[in-house]
Amino acid sequence: MSEIAVFFLHGLAYAGLLFLVSSGLTLVFGMMNVLNFAHASFYMLGAYFAYSLVQVIGNFWLALIISPLLLMLIGAVIERFLLRKVHVLGHVHELLLTFGIAYIIHEGVKWIWGTSPQAMTITGFLAGTVQFMGITYPVYRLFLFSVAVALGLAMALVLFKTRIGIIVRAAVDDSAMVEALGINVPLVFMGVFAVGAALSGFAGVAAGPLLSVFPGMAESILIDAFVVIVVGGMGSLGGAVLASFIIGQLQSFGVILFPQFSLALIYMLMALVLVVKPEGLFGEKQ
Amino acid sequence: MPAAKSAVSRWGLPLGLALLAAMPWIMPPFQLRLITEAIIFSLYAVSYNLLLGYAGLLSFGHAMFFGVGAFATALALNHLAGIPLFLAVALGTGFTAMVGLVVGLLLLRVKGTPFALLTLAFNALVFAIAVKWHTVTGGDDGLSISPPAVNLGLFQLSPSNPIDMYYLTVVVIGLAVAYCWYFTRTAMGQSVLLIRENEERMRFLGYNTNVARLNLFIIAGALAGLAGSFYAVFNSFVSQDAVSIAMTTKVLLMTYIGGTASFVGPIVGAVFYTYVQDFLSDLTENWPLIMGVLFILMVLFAPGGLSGLAKSLAARLRGANNHERGPDENH
């Protein structure tokens with residue numbers, strides 16, 4: 001019984017991480033209609049920045065703040081000077097551009113930090129364990145899940161209850177009208193993209209101590225995050241929550257129940273959703 | 001101007017074929033291997049451009065076809081004793097076509113960005129199978145193969161001999177590329193082009209656009225499988241690299257650097273990529289970074305790729321302002 005609880009918690013922790021990654025991806029797609037292939041590369045950059053920051057200043061919490069801010073800056077620059085330029089050429093070019101950026105970051109990381117995995121150590125309260133209901137569980141995994149829940153709530157609040165959220169959502173539906181009301185729409189999109197990049201950087205820092213930091217970390221999470229937004233429905237925050245939960249549990253229990261096919265389970269889920277509801281669980285029909 | 005064009009089309013093909021036939025006498029053997037590789041990748045890139053340039057389908061999963069073709073051929077050669085080389089290649093290509101049918105039926109239900117994303121996920125699935133299914137695919141170790149010689153009655157061609165392998169590749173891959181060219185001229189190929197331009201109208205005219213798209217997906221997949229199959233024979237080895245996301249990235253870079261707007265663009269790109277990689281990898285181990293930067297520059301400043309640049313340069317030299325309609329101009 002307690003073993004099942006442990007696996008359930010493992011699933012929750014991974015679901016938390018998946019949601020952290022896919023929330024930014026979904027935000028950018030939902031608001032700007034751009035599928036950002038470089039999202040997972042931002043995540044990896046966030047983790048590497050944090051790794052270097054922890055080496056230098058030795059404080060994980062500071063890294064958790066500074067690294068996303070750096071990514072926010074990088075995101076703003078990329079949107080302003082690259083992405084905006086190809087916007088007129090259409091979706092294919094936007095996709096290809098982010099794909100190229102992902103490729104460059106991937107090779108750049110290998111060039112700067114090398115190819116071997118780096119361990120990111122945490123100290124103090126986060127490194128410990130807690131005991132409850134007869135099990136001992138690492139604090140860090142619980143922390144990961146709590147952060148994801150807090151972030152999801154905060155995003156929902158900002159998007160649906162504040163003026164900023166109204167402006168952003170309106171800019172998607174009718175950018176000409178919003179522009180006419182005196183709002184700088186290109187600036188709004190730059191902001192959305194920068195926040196998306198910051199979110200992925202944050203997820204990267206959070207993932208560092210759990211998975212260690214290595215050049216392949218972008219690719220593996222990118223595909224899982226894609227599965228999340230396909231299953232949940234592209235651009236739907238609620239869909240991302242539900243799909244993260246399902247896939248987190250599937251990964252966790254898959255390993256003990258079907259060790260041979262645990263990798264294939266989430267793709268089977270994806271194929272199933274595609275057959276039954278191609279637009280995803282919470283997605284809107286195209 | 002029309003005279004110049006007809007001279008090119010009259011002499012270009014025979015000259016090109018003569019050059020290809022003479023290659024083993026002009027080039028040293030180590031160069032021949034590089035050329036053979038470039039030719040194999042030309043078919044891979046041309047098949048990719050049937051999807052991207054002609055049908056407007058952006059796929060991030062073309063390596064699944066390339067790799068499936070490579071593995072299926074390797075498995076046929078290793079497990080079916082005495083199988084002729086061409087039969088093994090045909091089995092690999094045919095099996096890839098079947099994979100194309102199954103994947104196409106699932107994926108073509110969605111369009112645009114979700115399609116691009118799903119192709120990547122399916123590529124990842126196939127890659128995961130190649131890594132995990134150790135007993136069949138060899139996992140991390142890959143599979144070694146010893147391709148048999150092709151008996152042509154009067155003489156034999158052995159894949160382990162660079163010159164023989166070169167001629168085998170030129171003939172078979174050349175015919176496949178020629179078929180691709182022919183396909184873009186057929187009614188079916190043209191209808192795919194028109195579907196990209198205006199799907200609604202085509203449906204109104206009575207075309208079943210889903211079937212046309214599925215056909216194209218299967219053909220492009222099978223041809224990529226043929227390229228993969230030759231790649232396995234050429235290296236006498238196949239590993240998970242053949243199905244990796246990196247192999248998909250490679251075809252995307254080749255096609256895009258060459259240019260999606262014309263039929264020859266991807267061929268130019270494949271040759272360019274193979275040679276630049278060979279050149280740069282001697283200089284620095286970070287050569288992929290340079291390829292990535294080149295790719296970004298192309299996307300930003302020259303969406304027509306190298307062939308597009310050549311076209312506009314030629315037009316400027318002639319002082320003419322001709323707008324030749326390529327397959328990729330109306331995005």
# chains A, B, ... in the order shown; residues from 1 in each chain; ligands from 1
>>> residues_around(residues="B:Leu252", least_positions_apart="3", cutoff="8 Å", atoms="only C-alpha atoms", output="tab-separated table (two decimals) with all heavy atoms, in the first residue's frame")
chain	number	residue	atom	x	y	z
B	45	ALA	N	16.41	13.94	-49.17
B	45	ALA	CA	15.98	15.34	-49.15
B	45	ALA	C	14.88	15.60	-50.18
B	45	ALA	O	13.93	16.33	-49.90
B	45	ALA	CB	17.16	16.26	-49.39
B	48	TYR	N	11.70	14.38	-48.89
B	48	TYR	CA	11.20	15.28	-47.84
B	48	TYR	C	10.54	16.51	-48.44
B	48	TYR	O	9.51	16.98	-47.95
B	48	TYR	CB	12.37	15.69	-46.93
B	48	TYR	CG	11.93	16.52	-45.75
B	48	TYR	CD1	11.21	15.94	-44.72
B	48	TYR	CD2	12.20	17.88	-45.68
B	48	TYR	CE1	10.78	16.69	-43.65
B	48	TYR	CE2	11.78	18.63	-44.62
B	48	TYR	CZ	11.07	18.03	-43.60
B	48	TYR	OH	10.64	18.78	-42.55
B	60	PHE	N	8.48	16.76	-38.82
B	60	PHE	CA	9.71	16.65	-38.04
B	60	PHE	C	10.00	15.18	-37.75
B	60	PHE	O	10.62	14.85	-36.75
B	60	PHE	CB	9.61	17.45	-36.74
B	60	PHE	CG	9.67	18.93	-36.94
B	60	PHE	CD1	8.55	19.71	-36.77
B	60	PHE	CD2	10.85	19.53	-37.32
B	60	PHE	CE1	8.61	21.08	-36.97
B	60	PHE	CE2	10.91	20.90	-37.53
B	60	PHE	CZ	9.79	21.67	-37.35
B	248	THR	N	16.40	13.45	-38.66
B	248	THR	CA	15.33	14.31	-39.16
B	248	THR	C	15.83	15.74	-39.32
B	248	THR	O	15.58	16.41	-40.34
B	248	THR	CB	14.14	14.28	-38.19
B	248	THR	OG1	13.44	13.06	-38.35
B	248	THR	CG2	13.19	15.41	-38.48
B	249	THR	N	16.56	16.21	-38.30
B	249	THR	CA	17.11	17.56	-38.36
B	249	THR	C	17.98	17.72	-39.59
B	249	THR	O	17.95	18.74	-40.27
B	249	THR	CB	17.96	17.82	-37.10
B	249	THR	OG1	17.20	17.44	-35.97
B	249	THR	CG2	18.32	19.28	-37.00
B	255	THR	N	17.34	20.26	-46.86
B	255	THR	CA	16.28	20.73	-47.74
B	255	THR	C	16.17	22.24	-47.68
B	255	THR	O	16.05	22.91	-48.70
B	255	THR	CB	14.93	20.09	-47.32
B	255	THR	OG1	15.12	18.70	-47.23
B	255	THR	CG2	13.86	20.40	-48.33
B	256	TYR	N	16.23	22.76	-46.47
B	256	TYR	CA	16.01	24.19	-46.34
B	256	TYR	C	17.19	25.01	-46.82
B	256	TYR	O	17.02	26.06	-47.44
B	256	TYR	CB	15.66	24.55	-44.89
B	256	TYR	CG	14.73	25.72	-44.87
B	256	TYR	CD1	13.39	25.54	-45.16
B	256	TYR	CD2	15.21	27.00	-44.66
B	256	TYR	CE1	12.53	26.61	-45.22
B	256	TYR	CE2	14.36	28.08	-44.72
B	256	TYR	CZ	13.02	27.87	-45.00
B	256	TYR	OH	12.19	28.93	-45.07
>>> closest_atom_pairs(of="chain B", to="chain A", cutoff="10 Å", atoms="only C-alpha atoms", output="CSV")
residue,atom,partner,partner_atom,distance
B:Leu52,CA,A:Val92,CA,9.4
B:Gly56,CA,A:Val92,CA,8.5
B:Leu57,CA,A:Val92,CA,9.0
B:Leu58,CA,A:Val92,CA,7.0
B:Phe60,CA,A:Phe99,CA,9.7
B:Val103,CA,A:Ala271,CA,9.8
B:Leu105,CA,A:Val275,CA,9.5
B:Leu106,CA,A:Val275,CA,6.9
B:Leu107,CA,A:Leu274,CA,8.0
B:Leu108,CA,A:Pro278,CA,9.9
B:Arg109,CA,A:Pro278,CA,6.7
B:Val110,CA,A:Pro278,CA,6.5
B:Lys111,CA,A:Gln286,CA,8.6
B:Gly112,CA,A:His91,CA,8.3
B:Thr113,CA,A:Leu35,CA,7.0
B:Pro114,CA,A:Val230,CA,7.4
B:Phe115,CA,A:Val230,CA,9.9
B:Ala116,CA,A:Leu95,CA,8.9
B:Leu117,CA,A:Phe226,CA,6.7
B:Leu118,CA,A:Val230,CA,7.9
B:Leu120,CA,A:Ile223,CA,7.5
B:Ala121,CA,A:Ile223,CA,6.0
B:Phe122,CA,A:Tyr267,CA,7.7
B:Asn123,CA,A:Ile223,CA,9.9
B:Ala124,CA,A:Ile223,CA,7.4
B:Leu125,CA,A:Ala264,CA,6.7
B:Val126,CA,A:Ala264,CA,9.3
B:Ala128,CA,A:Leu263,CA,7.1
B:Ile129,CA,A:Ala264,CA,7.9
B:Lys132,CA,A:Gln260,CA,7.9
B:Trp133,CA,A:Gln260,CA,8.9
B:Ile245,CA,A:Glu219,CA,8.8
B:Ala246,CA,A:Tyr103,CA,9.7
B:Thr249,CA,A:Tyr103,CA,8.5
B:Leu252,CA,A:Leu96,CA,9.0
B:Leu253,CA,A:Gly100,CA,8.9
B:Tyr256,CA,A:Leu96,CA,9.3
B:Glu285,CA,A:Trp111,CA,8.8
B:Asn286,CA,A:Trp111,CA,6.7
B:Trp287,CA,A:Glu107,CA,8.8
B:Pro288,CA,A:Glu107,CA,6.6
B:Leu289,CA,A:Glu107,CA,5.5
B:Ile290,CA,A:Ile104,CA,8.4
B:Met291,CA,A:Ile104,CA,8.6
B:Gly292,CA,A:Ile104,CA,5.4
B:Val293,CA,A:Ile104,CA,6.8
B:Leu294,CA,A:Gly100,CA,9.2
B:Phe295,CA,A:Gly100,CA,6.5
B:Ile296,CA,A:Gly100,CA,5.6
B:Leu297,CA,A:Leu97,CA,9.3
B:Met298,CA,A:Leu97,CA,9.5
B:Val299,CA,A:Leu97,CA,6.4
B:Leu300,CA,A:Val86,CA,6.5
B:Phe301,CA,A:Val86,CA,9.2
B:Pro303,CA,A:His93,CA,8.4
B:Asn330,CA,A:Leu89,CA,9.8
B:His331,CA,A:Gly90,CA,7.0
>>> atom_distance(atom1="atom CA of A:Ala76", atom2="atom CA of A:Ala198")
9.8 Å
>>> closest_residue(among="A:Ser116, A:Gln249, A:Ser200, A:Ser212", to="A:Ala40", atoms="only C-alpha atoms")
A:Ser200
>>> residues_around(residues="stretch 210-224 of chain B", least_positions_apart="5", cutoff="9 Å", atoms="only C-alpha atoms", output="JSON, numbers by chain")
{"B": [43, 44, 45, 46, 47, 48, 49, 50, 51, 55, 62, 63, 64, 65, 66, 67, 69, 92, 93, 94, 95, 96, 97, 98, 99, 100, 101, 104, 105, 108, 109, 176, 177, 180, 188, 189, 191, 192, 195, 229]}
>>> closest_residue(among="B:Arg185, B:Arg201, B:Lys250, B:Arg196", to="B:Pro266", atoms="only C-alpha atoms")
B:Lys250
>>> closest_residue(among="B:Leu226, B:Leu157, B:Leu280, B:Leu20", to="B:Val68", atoms="only C-alpha atoms")
B:Leu226
>>> select_by_dssp(residues="stretch 101-213 of chain B", states="helix (DSSP H, G or I)", output="number ranges by chain")
B: 101-107, 112-132, 134-137, 139-141, 162-185, 187-197, 199-204, 209-213
>>> residues_around(residues="stretch 127-129 of chain A", least_positions_apart="5", cutoff="8 Å", atoms="only C-alpha atoms", output="PyMOL selection string")
chain A and resi 122+136-140
>>> residues_around(residues="A:Pro186", least_positions_apart="6", cutoff="12 Å", atoms="only C-alpha atoms", output="JSON, numbers by chain")
{"A": [32, 76, 79, 80, 81, 83, 84, 85, 87, 168, 171, 172, 175, 176, 178, 179, 192, 193]}
>>> closest_residue(among="B:Val233, B:Ile39, B:Leu15, B:Leu87", to="B:Val268", atoms="only C-alpha atoms")
B:Ile39
>>> closest_residue(among="B:Ala70, B:Met23, B:Val276, B:Met247", to="B:Ser144", atoms="only C-alpha atoms")
B:Ala70
>>> decode(residues="stretch 13-48 of chain A", atoms="C-alpha atoms", output="tab-separated table (two decimals), in the first residue's frame")
chain	number	residue	atom	x	y	z
A	13	ALA	CA	6.33	15.18	-8.93
A	14	TYR	CA	6.91	14.37	-12.59
A	15	ALA	CA	3.47	15.74	-13.45
A	16	GLY	CA	4.48	18.95	-11.66
A	17	LEU	CA	7.63	19.22	-13.74
A	18	LEU	CA	5.72	18.46	-16.96
A	19	PHE	CA	3.19	21.12	-16.15
A	20	LEU	CA	5.93	23.66	-15.43
A	21	VAL	CA	7.39	22.99	-18.88
A	22	SER	CA	4.15	22.71	-20.82
A	23	SER	CA	2.49	25.73	-19.18
A	24	GLY	CA	4.89	28.13	-20.91
A	25	LEU	CA	4.61	26.22	-24.16
A	26	THR	CA	0.82	26.33	-23.97
A	27	LEU	CA	0.82	30.01	-23.02
A	28	VAL	CA	2.91	31.00	-26.04
A	29	PHE	CA	0.93	28.77	-28.38
A	30	GLY	CA	-2.45	29.82	-27.01
A	31	MET	CA	-1.65	33.53	-27.07
A	32	MET	CA	0.60	33.92	-30.11
A	33	ASN	CA	-0.27	30.82	-32.11
A	34	VAL	CA	3.43	30.00	-32.30
A	35	LEU	CA	4.63	26.54	-31.42
A	36	ASN	CA	7.97	27.25	-29.83
A	37	PHE	CA	10.35	24.40	-30.59
A	38	ALA	CA	13.04	26.19	-28.63
A	39	HIS	CA	10.98	26.03	-25.46
A	40	ALA	CA	12.72	22.93	-24.13
A	41	SER	CA	16.05	24.47	-25.07
A	42	PHE	CA	15.21	27.49	-22.91
A	43	TYR	CA	14.44	24.97	-20.17
A	44	MET	CA	17.86	23.40	-20.63
A	45	LEU	CA	19.55	26.82	-20.66
A	46	GLY	CA	17.73	27.68	-17.43
A	47	ALA	CA	19.10	24.53	-15.84
A	48	TYR	CA	22.67	25.25	-17.02
